[in-house]
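Visitor: To be precise about what I am sending: the file is called input_26.txt and holds compact mmCIF, C-alpha atoms.
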```txt
# COMPACT_ATOMS: atom_id res chain seq x y z
CA MET A 1 86.14 77.82 85.34
CA ILE A 2 88.47 80.08 87.29
CA TRP A 3 85.48 82.03 88.63
CA LEU A 4 84.08 78.79 90.07
CA ALA A 5 87.32 78.27 92.00
CA ALA A 6 87.17 81.90 93.16
CA THR A 7 83.61 81.42 94.45
CA PHE A 8 84.64 78.31 96.36
CA LEU A 9 87.63 80.11 97.91
CA ILE A 10 85.48 83.08 98.90
CA LEU A 11 83.00 80.82 100.71
CA ILE A 12 85.83 79.18 102.66
CA MET A 13 87.28 82.62 103.48
CA MET A 14 83.95 83.77 104.91
CA LEU A 15 83.85 80.73 107.21
CA PHE A 16 87.38 81.42 108.43
CA ALA A 17 86.57 85.09 109.09
CA ILE A 18 83.48 84.23 111.13
CA TYR A 19 85.46 81.67 113.14
CA ALA A 20 88.25 84.17 113.84
CA ILE A 21 85.83 86.60 115.46
CA HIS A 22 83.72 84.05 117.31
CA THR A 23 86.27 81.87 119.08
CA ASN A 24 87.61 82.44 122.60
CA ASP A 25 91.08 81.07 122.02
CA LEU A 26 93.14 83.96 120.64
CA LEU A 27 95.82 81.76 119.11
CA TYR A 28 93.24 79.98 116.91
CA ALA A 29 91.81 83.35 115.93
CA VAL A 30 95.19 84.57 114.73
CA VAL A 31 95.76 81.39 112.71
CA ALA A 32 92.32 81.84 111.10
CA ALA A 33 93.21 85.46 110.25
CA MET A 34 96.40 84.20 108.61
CA ALA A 35 94.30 81.80 106.51
CA VAL A 36 92.05 84.72 105.45
CA SER A 37 95.14 86.71 104.43
CA LEU A 38 96.45 83.77 102.40
CA ILE A 39 93.14 83.33 100.55
CA VAL A 40 93.03 87.09 99.85
CA SER A 41 96.53 86.75 98.35
CA ILE A 42 95.29 83.97 96.01
CA LEU A 43 92.33 86.19 95.02
CA PHE A 44 94.76 88.98 94.17
CA TYR A 45 96.55 86.60 91.81
CA ILE A 46 93.25 85.56 90.17
CA LEU A 47 92.56 89.27 89.56
CA GLN A 48 95.87 89.51 87.59
CA ALA A 49 97.88 91.47 90.18
CA PRO A 50 101.08 89.49 90.96
CA ASP A 51 102.95 92.31 92.74
CA VAL A 52 100.18 92.83 95.25
CA ALA A 53 99.75 89.06 95.75
CA MET A 54 103.42 88.69 96.64
CA ALA A 55 103.27 91.68 99.01
CA GLU A 56 100.16 90.41 100.79
CA ALA A 57 101.58 86.88 101.13
CA ALA A 58 104.95 88.05 102.47
CA ILE A 59 103.76 90.86 104.72
CA GLY A 60 100.19 89.95 105.67
CA ALA A 61 100.63 86.23 106.21
CA GLY A 62 104.21 86.39 107.48
CA ILE A 63 105.17 89.43 109.50
CA SER A 64 101.69 90.36 110.74
CA THR A 65 100.99 86.89 112.11
CA ALA A 66 104.40 86.74 113.81
CA VAL A 67 103.80 90.10 115.52
CA PHE A 68 100.37 88.93 116.72
CA VAL A 69 101.77 85.69 118.15
CA ILE A 70 104.52 87.58 120.01
CA ALA A 71 101.90 89.94 121.46
CA ILE A 72 99.71 87.03 122.59
CA LYS A 73 102.71 85.39 124.23
CA LYS A 74 103.39 88.51 126.30
CA THR A 75 99.73 88.87 127.37
CA GLU A 76 96.91 86.37 127.81
CA ARG A 77 95.89 83.55 125.53
CA TYR A 78 92.20 83.14 126.35
CA GLU A 79 89.48 85.75 126.11
CA HIS A 80 87.30 86.04 129.19
CA ASP A 81 83.69 87.04 128.55
CA MET B 82 72.89 91.01 124.58
CA ILE B 83 71.15 94.24 123.57
CA LYS B 84 74.44 95.74 122.44
CA LYS B 85 75.30 92.67 120.35
CA SER B 86 71.94 92.58 118.55
CA ILE B 87 71.92 96.33 117.83
CA SER B 88 75.43 96.15 116.42
CA PHE B 89 74.46 93.08 114.39
CA ILE B 90 71.55 94.95 112.76
CA LEU B 91 73.74 97.99 112.03
CA ILE B 92 76.46 95.82 110.47
CA ALA B 93 73.85 94.08 108.30
CA ILE B 94 72.63 97.49 107.09
CA VAL B 95 76.22 98.54 106.27
CA PHE B 96 76.89 95.28 104.39
CA LEU B 97 73.70 95.50 102.33
CA ALA B 98 74.21 99.17 101.48
CA LEU B 99 77.78 98.56 100.32
CA PHE B 100 77.03 95.42 98.32
CA LEU B 101 73.87 96.69 96.61
CA THR B 102 75.47 100.01 95.61
CA LEU B 103 78.48 98.23 94.15
CA ALA B 104 76.49 95.57 92.33
CA ASN B 105 74.08 98.02 90.69
CA ASP B 106 76.18 101.07 89.85
CA VAL B 107 79.72 99.78 89.28
CA PRO B 108 79.99 97.15 86.52
CA PHE B 109 82.69 94.55 87.13
CA GLY B 110 85.40 94.36 84.48
CA ALA B 111 84.58 97.55 82.58
CA ASN B 112 87.38 99.68 81.18
CA ARG B 113 87.74 102.67 83.51
CA THR B 114 91.28 103.79 82.70
CA VAL B 115 91.24 107.58 82.43
CA VAL B 116 94.41 108.60 84.28
CA SER B 117 96.33 105.36 83.77
CA ALA B 118 95.99 105.42 79.97
CA LYS B 119 99.05 107.67 79.91
CA TYR B 120 100.94 105.36 82.26
CA ILE B 121 100.13 102.25 80.19
CA TYR B 122 100.94 103.65 76.75
CA ASP B 123 103.95 105.85 77.60
CA GLY B 124 105.34 103.95 80.58
CA VAL B 125 108.00 101.83 78.92
CA GLN B 126 109.18 104.73 76.74
CA ASP B 127 109.53 107.24 79.58
CA THR B 128 111.04 105.10 82.29
CA GLY B 129 112.53 102.03 80.61
CA ALA B 130 111.00 99.62 83.14
CA ALA B 131 108.95 96.70 81.84
CA ASN B 132 106.98 96.34 85.09
CA LEU B 133 104.35 99.08 84.98
CA VAL B 134 103.57 98.95 88.71
CA THR B 135 107.26 99.57 89.49
CA ALA B 136 107.32 102.47 87.04
CA ILE B 137 104.34 104.06 88.78
CA VAL B 138 105.54 103.45 92.34
CA VAL B 139 109.12 104.68 91.89
CA ASN B 140 109.08 107.05 88.94
CA TYR B 141 105.69 108.65 88.33
CA ARG B 142 104.59 108.68 92.00
CA GLY B 143 107.96 108.47 93.72
CA PHE B 144 107.09 111.09 96.31
CA ASP B 145 104.37 108.85 97.78
CA THR B 146 106.95 106.09 98.19
CA LEU B 147 109.15 108.51 100.12
CA GLY B 148 106.16 109.22 102.39
CA GLU B 149 105.53 105.53 102.92
CA VAL B 150 109.16 104.86 103.86
CA THR B 151 108.80 107.70 106.37
CA VAL B 152 105.65 106.10 107.86
CA LEU B 153 107.45 102.78 108.28
CA PHE B 154 110.41 104.51 109.90
CA VAL B 155 108.17 106.45 112.31
CA ALA B 156 106.33 103.24 113.28
CA ALA B 157 109.59 101.37 113.99
CA THR B 158 110.87 104.28 116.08
CA GLY B 159 107.54 104.48 117.90
CA ILE B 160 107.68 100.78 118.80
CA GLY B 161 111.19 101.23 120.15
CA ALA B 162 110.01 104.19 122.20
CA VAL B 163 106.83 102.56 123.59
CA LEU B 164 108.61 99.36 124.63
CA TYR B 165 111.50 101.18 126.25
CA ASN B 166 112.88 99.84 129.53
CA MET B 167 110.57 96.87 129.61
CA GLY B 168 112.82 93.88 130.11
CA ASN B 169 116.17 92.27 129.71
CA PRO B 170 117.59 93.26 126.34
CA VAL B 171 119.55 90.06 125.82
CA ARG B 172 117.69 86.76 125.75
CA LYS B 173 119.98 84.18 127.23
CA LYS B 174 117.74 82.02 129.38
CA ARG B 175 116.68 78.58 128.26
CA GLU B 176 113.00 78.19 127.38
CA LYS B 177 110.86 75.29 128.53
CA THR B 178 110.31 73.81 125.08
CA GLU B 179 113.26 73.79 122.73
CA ALA B 180 113.33 72.98 119.05
CA SER B 181 115.05 69.77 118.01
CA LEU B 182 118.48 69.51 116.43
CA ILE B 183 117.06 69.06 112.92
CA VAL B 184 115.19 72.36 113.09
CA LYS B 185 118.21 74.25 114.39
CA THR B 186 120.60 72.91 111.76
CA GLY B 187 118.05 73.23 108.97
CA SER B 188 117.43 76.87 109.79
CA LYS B 189 121.15 77.60 109.64
CA VAL B 190 121.33 75.96 106.21
CA LEU B 191 118.23 77.68 104.82
CA PHE B 192 119.12 81.14 106.12
CA PRO B 193 121.57 82.29 103.36
CA ILE B 194 119.30 80.81 100.65
CA MET B 195 116.38 82.93 101.90
CA LEU B 196 118.59 86.03 102.00
CA ILE B 197 119.68 85.48 98.40
CA PHE B 198 116.09 84.94 97.31
CA GLY B 199 115.01 88.18 98.95
CA ALA B 200 117.89 90.03 97.28
CA TYR B 201 116.89 88.53 93.91
CA VAL B 202 113.32 89.77 94.33
CA PHE B 203 114.28 93.37 94.95
CA ILE B 204 117.12 93.59 92.45
CA HIS B 205 114.88 92.41 89.57
CA GLY B 206 112.02 94.69 90.59
CA HIS B 207 111.71 96.36 87.21
CA LEU B 208 111.56 93.13 85.18
CA THR B 209 109.49 90.61 87.15
CA PRO B 210 106.75 91.02 89.75
CA GLY B 211 108.38 92.04 92.98
CA GLY B 212 110.25 95.03 94.24
CA GLY B 213 111.59 96.58 97.39
CA PHE B 214 108.81 95.91 99.86
CA GLN B 215 108.34 92.28 98.93
CA GLY B 216 112.08 91.56 99.01
CA GLY B 217 112.45 93.34 102.34
CA ALA B 218 109.64 91.25 103.85
CA ILE B 219 111.34 88.06 102.65
CA ILE B 220 114.61 89.13 104.30
CA ALA B 221 112.74 89.87 107.54
CA THR B 222 111.12 86.42 107.34
CA ALA B 223 114.59 84.85 107.08
CA PHE B 224 115.66 86.52 110.34
CA LEU B 225 112.35 85.60 111.97
CA PHE B 226 113.05 81.99 111.02
CA ARG B 227 116.34 82.13 112.96
CA TYR B 228 114.50 83.61 115.95
CA VAL B 229 111.86 80.90 115.97
CA SER B 230 114.20 77.95 115.71
CA ASP B 231 116.76 79.01 118.31
CA THR B 232 115.77 80.65 121.57
CA ARG B 233 119.17 82.18 122.25
CA TYR B 234 119.56 83.98 118.93
CA SER B 235 119.55 87.76 118.91
CA ILE B 236 120.76 90.25 116.35
CA ASP B 237 123.23 93.05 116.88
CA HIS B 238 120.86 95.99 117.19
CA LYS B 239 123.42 98.73 116.61
CA LYS B 240 124.56 97.36 113.26
CA PHE B 241 121.00 97.03 112.02
CA THR B 242 120.12 100.58 113.02
CA ALA B 243 123.24 101.93 111.35
CA THR B 244 122.49 100.01 108.13
CA GLU B 245 118.94 101.26 108.09
CA SER B 246 119.97 104.90 108.54
CA VAL B 247 122.64 104.77 105.84
CA VAL B 248 120.31 103.17 103.31
CA GLY B 249 117.49 105.59 104.09
CA MET B 250 119.83 108.48 103.52
CA THR B 251 120.78 106.98 100.14
CA PHE B 252 117.18 107.28 99.00
CA ALA B 253 117.04 110.96 99.98
CA MET B 254 120.45 111.58 98.40
CA VAL B 255 119.28 110.18 95.05
CA GLY B 256 116.37 112.59 95.14
CA ILE B 257 118.56 115.58 96.01
CA LEU B 258 121.03 114.57 93.28
CA GLY B 259 118.16 114.67 90.81
CA LEU B 260 117.26 118.13 92.14
CA LEU B 261 120.83 119.39 91.65
CA LEU B 262 121.37 117.87 88.21
CA THR B 263 118.03 118.45 86.51
CA GLY B 264 116.03 120.84 88.66
CA TYR B 265 113.29 118.43 89.80
CA PHE B 266 113.29 116.35 92.99
CA LEU B 267 113.54 112.57 92.30
CA TYR B 268 113.86 113.07 88.54
CA ASN B 269 115.42 110.32 86.47
CA PHE B 270 118.96 111.44 85.62
CA LEU B 271 120.53 108.14 84.52
CA PRO B 272 120.11 106.76 80.97
CA ASN B 273 117.14 104.52 80.38
CA GLY B 274 118.67 101.66 78.41
CA SER B 275 116.60 99.02 76.63
CA PRO B 276 113.65 97.47 78.50
CA GLY B 277 114.26 93.87 79.49
CA GLU B 278 117.89 94.19 80.53
CA LEU B 279 119.02 94.12 84.15
CA LEU B 280 120.90 97.43 83.92
CA SER B 281 118.07 99.62 82.64
CA ALA B 282 115.33 101.93 83.87
CA GLY B 283 117.53 104.72 85.23
CA ILE B 284 117.38 105.20 89.00
CA ILE B 285 114.76 102.50 89.66
CA PRO B 286 117.20 99.66 90.61
CA ILE B 287 119.14 101.96 92.95
CA ILE B 288 116.01 103.12 94.76
CA TYR B 289 114.55 99.63 95.03
CA ILE B 290 117.80 98.17 96.42
CA ALA B 291 117.79 100.93 99.05
CA ILE B 292 114.14 100.34 99.93
CA GLY B 293 114.60 96.55 100.07
CA ILE B 294 117.49 96.66 102.53
CA LYS B 295 115.73 99.34 104.59
CA VAL B 296 112.43 97.48 104.91
CA GLY B 297 114.23 94.22 105.77
CA ALA B 298 116.31 95.83 108.52
CA GLU B 299 113.28 97.70 109.86
CA LEU B 300 110.92 94.74 110.14
CA THR B 301 113.67 92.67 111.78
CA GLY B 302 114.22 95.50 114.27
CA ILE B 303 110.48 95.54 115.05
CA VAL B 304 110.44 91.78 115.73
CA ASP B 305 113.57 92.03 117.88
CA ASN B 306 112.09 94.90 119.92
CA MET B 307 108.90 92.99 120.64
CA MET B 308 110.71 89.72 121.46
CA GLY B 309 112.95 91.31 124.06
CA VAL B 310 110.08 92.26 126.37
CA GLU B 311 109.98 90.12 129.49
CA GLN B 312 106.69 88.51 130.42
CA MET C 313 80.52 90.42 91.27
CA ILE C 314 81.40 87.81 93.86
CA PHE C 315 84.45 89.91 94.75
CA TYR C 316 82.25 92.84 95.77
CA MET C 317 80.43 90.54 98.18
CA ALA C 318 83.71 89.23 99.60
CA SER C 319 85.12 92.69 100.24
CA ALA C 320 81.84 94.03 101.70
CA PHE C 321 81.71 90.96 103.96
CA LEU C 322 85.27 91.50 105.20
CA ILE C 323 84.56 95.18 105.89
CA ALA C 324 81.39 94.24 107.80
CA ILE C 325 83.19 91.59 109.88
CA GLY C 326 85.95 94.06 110.71
CA LEU C 327 83.46 96.69 111.83
CA TYR C 328 81.58 94.12 113.94
CA ALA C 329 84.80 93.09 115.69
CA LEU C 330 85.56 96.74 116.46
CA MET C 331 82.07 97.49 117.76
CA ALA C 332 80.90 94.45 119.71
CA LYS C 333 84.00 92.76 121.11
CA LYS C 334 85.72 93.70 124.35
CA ASN C 335 89.13 92.08 124.07
CA LEU C 336 91.80 94.49 122.79
CA ILE C 337 93.53 91.93 120.59
CA LYS C 338 90.21 91.03 118.92
CA MET C 339 89.75 94.71 118.08
CA ILE C 340 93.15 94.89 116.41
CA LEU C 341 92.27 91.72 114.49
CA GLY C 342 89.18 93.60 113.27
CA ILE C 343 91.37 96.45 112.01
CA THR C 344 93.41 93.90 110.04
CA PHE C 345 90.23 92.53 108.44
CA LEU C 346 89.16 96.06 107.51
CA ASP C 347 92.47 96.62 105.73
CA SER C 348 92.21 93.37 103.78
CA GLY C 349 88.63 94.13 102.74
CA VAL C 350 89.42 97.60 101.44
CA ASN C 351 92.48 96.35 99.53
CA LEU C 352 90.42 93.62 97.86
CA LEU C 353 87.80 96.18 96.84
CA LEU C 354 90.41 98.49 95.28
CA ILE C 355 92.05 95.73 93.24
CA SER C 356 88.72 94.36 92.02
CA LEU C 357 87.75 97.84 90.78
CA GLY C 358 90.76 97.85 88.48
CA TYR C 359 90.08 94.57 86.72
CA ILE C 360 89.38 94.63 82.97
CA ASN C 361 87.71 91.67 81.24
CA GLY C 362 90.25 89.66 79.28
CA GLY C 363 93.21 91.58 80.66
CA THR C 364 96.52 90.21 81.86
CA ALA C 365 99.20 91.21 84.36
CA PRO C 366 100.72 94.68 83.73
CA ILE C 367 104.22 93.59 82.72
CA LEU C 368 105.08 94.47 79.11
CA LEU C 369 107.54 91.71 78.22
CA ASN C 370 107.34 88.74 75.80
CA GLY C 371 105.00 90.35 73.33
CA VAL C 372 102.30 91.75 75.62
CA LYS C 373 100.66 94.76 73.95
CA PRO C 374 99.70 97.86 75.98
CA GLY C 375 96.07 97.43 75.02
CA GLU C 376 95.40 94.23 76.92
CA VAL C 377 96.71 94.82 80.45
CA VAL C 378 94.67 95.51 83.56
CA ASP C 379 94.80 98.84 85.32
CA PRO C 380 98.14 99.25 87.15
CA LEU C 381 97.24 102.34 89.17
CA PRO C 382 95.11 100.71 91.93
CA GLN C 383 97.84 98.10 92.38
CA ALA C 384 100.38 100.83 93.18
CA LEU C 385 98.01 102.35 95.75
CA VAL C 386 97.30 98.99 97.40
CA LEU C 387 101.03 98.21 97.61
CA THR C 388 101.50 101.28 99.78
CA ASN C 389 98.40 100.47 101.82
CA ILE C 390 99.54 96.96 102.78
CA VAL C 391 102.82 98.21 104.27
CA ILE C 392 101.08 101.00 106.18
CA GLY C 393 98.55 98.49 107.54
CA VAL C 394 101.20 96.21 108.99
CA SER C 395 103.11 99.09 110.60
CA VAL C 396 99.92 100.43 112.27
CA THR C 397 99.12 96.91 113.54
CA ALA C 398 102.61 96.47 115.01
CA LEU C 399 102.48 99.85 116.78
CA ALA C 400 98.99 99.13 118.18
CA LEU C 401 100.12 95.74 119.52
CA SER C 402 103.12 97.24 121.30
CA VAL C 403 100.79 99.74 123.00
CA VAL C 404 98.59 96.78 124.05
CA ILE C 405 101.62 95.05 125.59
CA ARG C 406 102.34 98.19 127.59
CA VAL C 407 98.68 98.46 128.71
CA TYR C 408 98.71 94.83 129.87
CA LYS C 409 101.82 95.37 131.92
CA HIS C 410 100.17 98.23 133.77
CA TYR C 411 96.54 97.10 134.17
CA LYS C 412 97.04 93.28 134.20
CA THR C 413 93.87 92.83 132.09
CA LEU C 414 92.91 93.07 128.43
CA ASN C 415 89.25 93.94 128.89
CA SER C 416 88.50 97.30 127.33
CA ASP C 417 85.78 98.10 129.87
CA LYS C 418 88.25 97.89 132.73
CA VAL C 419 91.05 99.89 131.11
CA ARG C 420 88.78 102.75 130.19
CA ASP C 421 88.61 104.24 133.65
CA MET C 422 91.23 106.83 134.29
CA LYS C 423 92.55 106.28 137.77
CA TRP C 424 95.13 108.36 139.46
```
Go ahead and express the file in the form of C-alpha cells.

Guide:
Amino acid sequence: MIWLAATFLILIMMLFAIYAIHTNDLLYAVVAAMAVSLIVSILFYILQAPDVAMAEAAIGAGISTAVFVIAIKKTERYEHD
Amino acid sequence: MIKKSISFILIAIVFLALFLTLANDVPFGANRTVVSAKYIYDGVQDTGAANLVTAIVVNYRGFDTLGEVTVLFVAATGIGAVLYNMGNPVRKKREKTEASLIVKTGSKVLFPIMLIFGAYVFIHGHLTPGGGFQGGAIIATAFLFRYVSDTRYSIDHKKFTATESVVGMTFAMVGILGLLLTGYFLYNFLPNGSPGELLSAGIIPIIYIAIGIKVGAELTGIVDNMMGVEQ
Amino acid sequence: MIFYMASAFLIAIGLYALMAKKNLIKMILGITFLDSGVNLLLISLGYINGGTAPILLNGVKPGEVVDPLPQALVLTNIVIGVSVTALALSVVIRVYKHYKTLNSDKVRDMKW
C-alpha cells in the first residue's frame, strides 16, 4: 500500500523535474525544484529515515530556494535562447 | 540541435546503465550491515544516546562533523569575500510592493515561537529525530521570515559574527579538553547516564547545541550578505 | 526498485541540465538535482525489509532497525550541497554585474 503511494509520488516528481529544466521562466523552475526537494523529503520518510527527511525539508526546500530567489532577483528572470 | 540530440542520447545511455546495473546486481531491502552491526548493537551502551544517527555523527565519526562545520564556515566566508563592496550595506529604501499589516504583525508574533522550536530540535538531538543542522536551519528560516515580511529589517552583522566565532571555538575546545583529559581528541569524558533522559549521552548535547547555534547564525549571515547587494 | 529508477532519473536530469543548457542558473539547478539524486540512492541502499527508524526507545530491539550509517553520510552531504550552491550563486551575481549577461557562451571569452 505504501509502495503504491511512493510510485505515484515518484511519477509526479519526474514531471516536476522535467518541467524545471524545460521552462524559460526561471522563477517557475526554482519553484518546481523546491517541489522536487519536498517530494524527495517525503520519500526519505517512507524509507524510514526521519533525521534525513527533516534535514532535506529544512535545508533543501527552505534555505536553498530562498538563496535561488535572491540570486534571480539580482540578475535576470527570463532565459533567452 | 545537434548538440541537444547528442547529449540526449548520452544521457539516455547513462540512465540505462545506472538503472540496469542497480536493478540486477543490488537487491533492494537486503541486509548489508557489515560495519554498522557494531554501531547498532553497541551504540546505546557506548554513548548513551538513543538516536543511533546522532551517536554516529557526533561520537563515532565526530571528526567528519568537524570537517563539515569547517566547510560551512569556509563557504560563508567565501560568500562574504566574493560579494565584497557590491552595494549599500543597509537596506533602508522602500520597495515598490510592500507586505500588508497582517503579514508584518504576524511575522513578529511567530518569530519567537520559531526560535524556540528550533532550539527544541537541537537540544533534544539525542532522543528524537533532529539535531544540530536541522535546528540551525529552522532558526535561519525564522530570520528569513522576518526578512521577507519587512523590507527594512536587517540584522546586526557584528553580533552574529561574534556569536558564530565563539560557538565554533566551543566545539574545538570540547575536543581539546577530551585530548587533555583522556588522551584522544573528541573523546567522551562526561558520564553517560541512562538512555532516554535529557541529561545523558556525555558530550553530545554540548556539541549539538554549539553546532545548532553556529549553523543558524551562519545561514542567516549568508542570506543577509546576498540580500544587501544592490541591483 | 522504483527508488533506483527515481534516483537514476534525477542524476540523468541533472547531467542533462549541466551539458545542454546555456543559462548559468539552470546549470546550478542541475547541480542541485544531482545532489538530490545521489542522496536518494544512498538512503535507498540502506533500507532493510521490515525495518524501522533507528531510534532505540519504547521497546525497539536492535535487530529490527534500518542501517544508520548511510543516513549519517547523507546528513553531511545535504549541508555541503547547500553551501556549494550558495557560493556558486554569489559568483554568478558577480559575473552578471560585470558582463551584464547570463549566457555561458558569452562569458567564456576572456577579454582584457

Visitor: Nearest to Ala61 of chain A: which of A:Thr7, A:Ser41, A:Asn24, A:Thr75 is it, counting only C-alpha atoms?

Guide: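 Closest candidate: A:Ser41.
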
Visitor: Using all atoms listed in the file, find the residues of chain C whose closest atom to chain B is at most 9 Å away, then write them as a PDB file with C-alpha atoms, in the coordinates of the input.

Guide:
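Contents of selection_21.pdb, freshly written:
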```pdb
ATOM      1  CA  MET C 313      80.520  90.420  91.270  1.00  0.00           C
ATOM      2  CA  TYR C 316      82.250  92.840  95.770  1.00  0.00           C
ATOM      3  CA  MET C 317      80.430  90.540  98.180  1.00  0.00           C
ATOM      4  CA  SER C 319      85.120  92.690 100.240  1.00  0.00           C
ATOM      5  CA  ALA C 320      81.840  94.030 101.700  1.00  0.00           C
ATOM      6  CA  PHE C 321      81.710  90.960 103.960  1.00  0.00           C
ATOM      7  CA  ILE C 323      84.560  95.180 105.890  1.00  0.00           C
ATOM      8  CA  ALA C 324      81.390  94.240 107.800  1.00  0.00           C
ATOM      9  CA  ILE C 325      83.190  91.590 109.880  1.00  0.00           C
ATOM     10  CA  LEU C 327      83.460  96.690 111.830  1.00  0.00           C
ATOM     11  CA  TYR C 328      81.580  94.120 113.940  1.00  0.00           C
ATOM     12  CA  MET C 331      82.070  97.490 117.760  1.00  0.00           C
ATOM     13  CA  ALA C 332      80.900  94.450 119.710  1.00  0.00           C
ATOM     14  CA  LYS C 333      84.000  92.760 121.110  1.00  0.00           C
ATOM     15  CA  SER C 356      88.720  94.360  92.020  1.00  0.00           C
ATOM     16  CA  LEU C 357      87.750  97.840  90.780  1.00  0.00           C
ATOM     17  CA  GLY C 358      90.760  97.850  88.480  1.00  0.00           C
ATOM     18  CA  TYR C 359      90.080  94.570  86.720  1.00  0.00           C
ATOM     19  CA  ILE C 360      89.380  94.630  82.970  1.00  0.00           C
ATOM     20  CA  ASN C 361      87.710  91.670  81.240  1.00  0.00           C
ATOM     21  CA  GLY C 362      90.250  89.660  79.280  1.00  0.00           C
ATOM     22  CA  PRO C 366     100.720  94.680  83.730  1.00  0.00           C
ATOM     23  CA  ILE C 367     104.220  93.590  82.720  1.00  0.00           C
ATOM     24  CA  LEU C 368     105.080  94.470  79.110  1.00  0.00           C
ATOM     25  CA  LEU C 369     107.540  91.710  78.220  1.00  0.00           C
ATOM     26  CA  PRO C 374      99.700  97.860  75.980  1.00  0.00           C
ATOM     27  CA  GLY C 375      96.070  97.430  75.020  1.00  0.00           C
ATOM     28  CA  VAL C 377      96.710  94.820  80.450  1.00  0.00           C
ATOM     29  CA  VAL C 378      94.670  95.510  83.560  1.00  0.00           C
ATOM     30  CA  ASP C 379      94.800  98.840  85.320  1.00  0.00           C
ATOM     31  CA  PRO C 380      98.140  99.250  87.150  1.00  0.00           C
ATOM     32  CA  LEU C 381      97.240 102.340  89.170  1.00  0.00           C
ATOM     33  CA  GLN C 383      97.840  98.100  92.380  1.00  0.00           C
ATOM     34  CA  ALA C 384     100.380 100.830  93.180  1.00  0.00           C
ATOM     35  CA  LEU C 385      98.010 102.350  95.750  1.00  0.00           C
ATOM     36  CA  LEU C 387     101.030  98.210  97.610  1.00  0.00           C
ATOM     37  CA  THR C 388     101.500 101.280  99.780  1.00  0.00           C
ATOM     38  CA  ASN C 389      98.400 100.470 101.820  1.00  0.00           C
ATOM     39  CA  VAL C 391     102.820  98.210 104.270  1.00  0.00           C
ATOM     40  CA  ILE C 392     101.080 101.000 106.180  1.00  0.00           C
ATOM     41  CA  SER C 395     103.110  99.090 110.600  1.00  0.00           C
ATOM     42  CA  VAL C 396      99.920 100.430 112.270  1.00  0.00           C
ATOM     43  CA  ALA C 398     102.610  96.470 115.010  1.00  0.00           C
ATOM     44  CA  LEU C 399     102.480  99.850 116.780  1.00  0.00           C
ATOM     45  CA  ALA C 400      98.990  99.130 118.180  1.00  0.00           C
ATOM     46  CA  SER C 402     103.120  97.240 121.300  1.00  0.00           C
ATOM     47  CA  VAL C 403     100.790  99.740 123.000  1.00  0.00           C
ATOM     48  CA  ILE C 405     101.620  95.050 125.590  1.00  0.00           C
ATOM     49  CA  ARG C 406     102.340  98.190 127.590  1.00  0.00           C
ATOM     50  CA  LYS C 409     101.820  95.370 131.920  1.00  0.00           C
TER      51      LYS C 409
END
```

Visitor: Find the residue from B:Ile294, B:Ile219, B:Leu271, B:Leu261 that sits nearest to chain A; use all atoms listed in the file when measuring.

Guide: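 Smallest distance to chain A is found for B:Ile219.
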
Visitor: Give the residues of chain A that lie within 6 Å of chain C; count all atoms listed in the file, and format the answer as an mmCIF file with C-alpha atoms, keeping the file's coordinate frame.

Guide:
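The result, stored in out-v8.cif:
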```
data_model
loop_
_atom_site.group_PDB
_atom_site.id
_atom_site.type_symbol
_atom_site.label_atom_id
_atom_site.label_comp_id
_atom_site.auth_asym_id
_atom_site.auth_seq_id
_atom_site.Cartn_x
_atom_site.Cartn_y
_atom_site.Cartn_z
ATOM 1 C CA GLN A 48 95.870 89.510 87.590
ATOM 2 C CA ALA A 49 97.880 91.470 90.180
ATOM 3 C CA VAL A 52 100.180 92.830 95.250
#
```

Visitor: What is the distance, in Å and to one decimal place, between atom CA of Gly249 of chain B and atom CA of Leu191 of chain B?

Guide: 27.9 Å

Visitor: How close does each residue of chain A get to chain B, giving the shortest atom pair and distance in Å to one decimal for every residue with an atom at most 12 Å away, counting all atoms listed in the file, sorted by chain and residue number, as JSON lines?

Guide:
```
{"residue": "A:Tyr45", "atom": "CA", "partner": "B:Pro210", "partner_atom": "CA", "distance": 11.3}
{"residue": "A:Leu47", "atom": "CA", "partner": "B:Gly110", "partner_atom": "CA", "distance": 10.1}
{"residue": "A:Gln48", "atom": "CA", "partner": "B:Pro210", "partner_atom": "CA", "distance": 11.2}
{"residue": "A:Ala49", "atom": "CA", "partner": "B:Pro210", "partner_atom": "CA", "distance": 8.9}
{"residue": "A:Pro50", "atom": "CA", "partner": "B:Pro210", "partner_atom": "CA", "distance": 6.0}
{"residue": "A:Asp51", "atom": "CA", "partner": "B:Pro210", "partner_atom": "CA", "distance": 5.0}
{"residue": "A:Val52", "atom": "CA", "partner": "B:Gly211", "partner_atom": "CA", "distance": 8.5}
{"residue": "A:Ala53", "atom": "CA", "partner": "B:Pro210", "partner_atom": "CA", "distance": 9.4}
{"residue": "A:Met54", "atom": "CA", "partner": "B:Gln215", "partner_atom": "CA", "distance": 6.5}
{"residue": "A:Ala55", "atom": "CA", "partner": "B:Gln215", "partner_atom": "CA", "distance": 5.1}
{"residue": "A:Glu56", "atom": "CA", "partner": "B:Gln215", "partner_atom": "CA", "distance": 8.6}
{"residue": "A:Ala57", "atom": "CA", "partner": "B:Gln215", "partner_atom": "CA", "distance": 8.9}
{"residue": "A:Ala58", "atom": "CA", "partner": "B:Ala218", "partner_atom": "CA", "distance": 5.8}
{"residue": "A:Ile59", "atom": "CA", "partner": "B:Ala218", "partner_atom": "CA", "distance": 6.0}
{"residue": "A:Gly60", "atom": "CA", "partner": "B:Ala218", "partner_atom": "CA", "distance": 9.7}
{"residue": "A:Ala61", "atom": "CA", "partner": "B:Thr222", "partner_atom": "CA", "distance": 10.6}
{"residue": "A:Gly62", "atom": "CA", "partner": "B:Thr222", "partner_atom": "CA", "distance": 6.9}
{"residue": "A:Ile63", "atom": "CA", "partner": "B:Thr222", "partner_atom": "CA", "distance": 7.0}
{"residue": "A:Ser64", "atom": "CA", "partner": "B:Val304", "partner_atom": "CA", "distance": 10.2}
{"residue": "A:Thr65", "atom": "CA", "partner": "B:Thr222", "partner_atom": "CA", "distance": 11.2}
{"residue": "A:Ala66", "atom": "CA", "partner": "B:Val304", "partner_atom": "CA", "distance": 8.1}
{"residue": "A:Val67", "atom": "CA", "partner": "B:Val304", "partner_atom": "CA", "distance": 6.9}
{"residue": "A:Phe68", "atom": "CA", "partner": "B:Met307", "partner_atom": "CA", "distance": 10.2}
{"residue": "A:Val69", "atom": "CA", "partner": "B:Met308", "partner_atom": "CA", "distance": 10.3}
{"residue": "A:Ile70", "atom": "CA", "partner": "B:Met308", "partner_atom": "CA", "distance": 6.7}
{"residue": "A:Ala71", "atom": "CA", "partner": "B:Met307", "partner_atom": "CA", "distance": 7.7}
{"residue": "A:Ile72", "atom": "CA", "partner": "B:Gln312", "partner_atom": "CA", "distance": 10.6}
{"residue": "A:Lys73", "atom": "CA", "partner": "B:Gln312", "partner_atom": "CA", "distance": 8.0}
{"residue": "A:Lys74", "atom": "CA", "partner": "B:Gln312", "partner_atom": "CA", "distance": 5.3}
{"residue": "A:Thr75", "atom": "CA", "partner": "B:Gln312", "partner_atom": "CA", "distance": 7.6}
{"residue": "A:Glu76", "atom": "CA", "partner": "B:Gln312", "partner_atom": "CA", "distance": 10.3}
```
